[in-house]
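Asks: First the structure, then my questions, so here it is.
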Amino acid sequence: MAVGCREPAETAFRTSTDASSRAGLTPLPDGVLTGNEAGAVVRLDPSGGIVWRVALGREVATRPVVAGDSVIAGTVAGDLVRLALSNGTEQWRLTGEPPVLTPLVTSPEGTAVYVVAPDGAVRALAVDTGKVRWRAPPPKPDEAHLDTRRGLPAPVLAGGRLVVALGDVGLRALSPEDGGLAWHRELRNVQGLAVQGDVLYASTRDKRVWALQAKDGTPLWEKGFSEELTGPPSSALGVLWVGARKEESPLVLGLDPATGQEVARVDLPDLLTTTVAEVHGEVLLVPTQGRQGRLVALKRPTWERAFSLRTDTALRSQPVVIGEQVFVLGRDGRVLSWKLRPPERP
């Protein structure tokens, strides 16, 4: 950790979930939720204490979601479970469903959860009962060319639409009320989606970033790169960020959200394959997935490195920031947390 006149970060805790994890963290007002490969859903408080742990039997590969006073989690075996947020008590369970490999999304009012199957089919379930509200069929296999052993990019709610990325088929925007097709855009092989206001951003495997009107899919701008893009876009500190790699050199690119013009380019110690976060309104937190698992802090407006925290485990999910405390999930299943001090003024 780089140190100036004072240490920029104080370790809050390091807690193991007792198994490797690729699920990511879900923020709560007073802690975080996660899942792991052993099939556990775990709630932690701000000090790293385990509030509750529930065993679902098979790997939880995507982060649990919160809907009102409930937690919805899915497993690779096709179980969907509703748990009480307060104590983890099971409220309903669906079995025999498709594997849950794509992150779940809940409606803003917390009454529905949207589930995307590996073949691209979409279901809306009532949170209180687990009953299906509507189903949208998958695209034809010869059109989508989806690898059903893997998850799809996380769907997003944007402009009153549920937007799903479906391989070669491109983007489909569905009505959250009935699953009807609102618009379709042949934007193929999307790596990830981000939303800022009424604008939808997408990064693709052909080295492009797109901005679309969320309500109807109208393109606003698109930007091509010579670098390989390594992850989804994300918005922080008024800039659109995306991980990239030029030859063997990892970096993070910052784009003007309104035009797509490059406004920042910063070398990284390892690849950024997920999304970034911000803290104190002026520091960008960039998780990297190398073995050292560095969390790199960049200070605006120059985006020079303020400090770097080493975790010794790959960071493949977005950091969670609650006030001055930051939480990260390591690939080894540890949740690590620091309290970050505001940057010193010149």
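Chain labels A, B, ... are given in the sequence in which chains occur in the structure tokens; within each chain residues are numbered consecutively from 1, and ligands are likewise numbered from 1 in the order shown.
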Leaving out range 26-37 of chain A and any residue of its chain fewer than 3 positions from it, which residues lie within 7 Å of it when counting only C-alpha atoms, given as a ChimeraX atom specification?
Replies: /A:19-23,40-46,59-61,63-65,320,333
Asks: With only C-alpha atoms as the counted atoms, please give the residues lying no more than 10 Å from Gln196 in chain A, apart from itself and same-chain residues fewer than 3 positions off, as a PyMOL selection string.
Replies: chain A and resi 158-159+199-201+214+234-236+238+240+257
Asks: If you keep N, CA, C and O atoms, can you produce a file of those selected residues as a PDB file, in the first residue's frame?
Replies:
ATOM      1  N   ALA A 158     -33.772  -0.272 -17.777  1.00  0.00           N
ATOM      2  CA  ALA A 158     -33.384   1.032 -18.305  1.00  0.00           C
ATOM      3  C   ALA A 158     -34.526   1.599 -19.129  1.00  0.00           C
ATOM      4  O   ALA A 158     -35.092   0.896 -19.972  1.00  0.00           O
ATOM      5  N   GLY A 159     -34.885   2.858 -18.886  1.00  0.00           N
ATOM      6  CA  GLY A 159     -35.932   3.507 -19.667  1.00  0.00           C
ATOM      7  C   GLY A 159     -37.254   2.781 -19.624  1.00  0.00           C
ATOM      8  O   GLY A 159     -38.004   2.787 -20.599  1.00  0.00           O
ATOM      9  N   VAL A 199     -29.920   6.544 -20.702  1.00  0.00           N
ATOM     10  CA  VAL A 199     -28.965   6.068 -21.704  1.00  0.00           C
ATOM     11  C   VAL A 199     -28.435   4.700 -21.303  1.00  0.00           C
ATOM     12  O   VAL A 199     -28.084   4.461 -20.141  1.00  0.00           O
ATOM     13  N   LEU A 200     -28.394   3.807 -22.281  1.00  0.00           N
ATOM     14  CA  LEU A 200     -27.880   2.457 -22.097  1.00  0.00           C
ATOM     15  C   LEU A 200     -26.521   2.366 -22.780  1.00  0.00           C
ATOM     16  O   LEU A 200     -26.371   2.764 -23.942  1.00  0.00           O
ATOM     17  N   TYR A 201     -25.522   1.845 -22.079  1.00  0.00           N
ATOM     18  CA  TYR A 201     -24.186   1.673 -22.639  1.00  0.00           C
ATOM     19  C   TYR A 201     -23.878   0.178 -22.750  1.00  0.00           C
ATOM     20  O   TYR A 201     -24.266  -0.614 -21.883  1.00  0.00           O
ATOM     21  N   ALA A 214     -32.370   4.249 -24.089  1.00  0.00           N
ATOM     22  CA  ALA A 214     -32.904   3.059 -23.437  1.00  0.00           C
ATOM     23  C   ALA A 214     -34.353   2.778 -23.826  1.00  0.00           C
ATOM     24  O   ALA A 214     -34.766   1.616 -23.901  1.00  0.00           O
ATOM     25  N   SER A 234     -18.938   0.801 -16.961  1.00  0.00           N
ATOM     26  CA  SER A 234     -19.547   1.259 -15.705  1.00  0.00           C
ATOM     27  C   SER A 234     -19.328   2.754 -15.569  1.00  0.00           C
ATOM     28  O   SER A 234     -18.357   3.308 -16.088  1.00  0.00           O
ATOM     29  N   SER A 235     -20.229   3.401 -14.876  1.00  0.00           N
ATOM     30  CA  SER A 235     -20.202   4.846 -14.732  1.00  0.00           C
ATOM     31  C   SER A 235     -19.787   5.223 -13.317  1.00  0.00           C
ATOM     32  O   SER A 235     -20.317   4.684 -12.343  1.00  0.00           O
ATOM     33  N   ALA A 236     -18.828   6.128 -13.214  1.00  0.00           N
ATOM     34  CA  ALA A 236     -18.382   6.615 -11.911  1.00  0.00           C
ATOM     35  C   ALA A 236     -17.706   7.961 -12.089  1.00  0.00           C
ATOM     36  O   ALA A 236     -16.951   8.169 -13.050  1.00  0.00           O
ATOM     37  N   GLY A 238     -18.689  10.760 -13.123  1.00  0.00           N
ATOM     38  CA  GLY A 238     -19.005  11.475 -14.349  1.00  0.00           C
ATOM     39  C   GLY A 238     -18.326  10.952 -15.591  1.00  0.00           C
ATOM     40  O   GLY A 238     -18.379  11.592 -16.647  1.00  0.00           O
ATOM     41  N   LEU A 240     -17.459   7.305 -18.092  1.00  0.00           N
ATOM     42  CA  LEU A 240     -17.784   5.924 -18.419  1.00  0.00           C
ATOM     43  C   LEU A 240     -16.479   5.153 -18.525  1.00  0.00           C
ATOM     44  O   LEU A 240     -15.588   5.509 -19.305  1.00  0.00           O
ATOM     45  N   PRO A 257     -19.320  10.262 -21.321  1.00  0.00           N
ATOM     46  CA  PRO A 257     -20.599   9.567 -21.530  1.00  0.00           C
ATOM     47  C   PRO A 257     -21.450  10.174 -22.643  1.00  0.00           C
ATOM     48  O   PRO A 257     -22.262   9.475 -23.253  1.00  0.00           O
TER      49      PRO A 257
END
Asks: With a distance cut-off of 12 Å and only C-alpha atoms, select the neighbouring residues of range 223-231 of chain A, excluding the residue or stretch itself and same-chain residues fewer than 6 positions from it, and output the selection as JSON, numbers by chain.
Replies: {"A": [153, 154, 189, 190, 191, 192, 193, 194, 201, 202, 203, 204, 205, 206, 207, 208, 209, 210, 211, 241, 242, 243, 244, 245, 246, 247, 248, 249, 250, 251, 252, 253, 255, 256, 257, 258, 259, 260, 261, 262, 265, 270, 271, 272, 273, 274, 275, 276, 287, 288, 289, 316, 317, 318]}
Asks: Given only C-alpha atoms as the basis, pick out the residue of A:Leu157, A:Leu166, A:Ala124, A:Leu336 nearest to Pro138 in chain A.
Replies: A:Leu166
Asks: Can you work out which one of A:Val326, A:Ala67, A:Leu268, A:Leu83 has the shortest atom-to-atom distance to Trp52 in chain A, counting only C-alpha atoms?
Replies: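 Of all the options, A:Leu83 lies closest to Trp52 in chain A.
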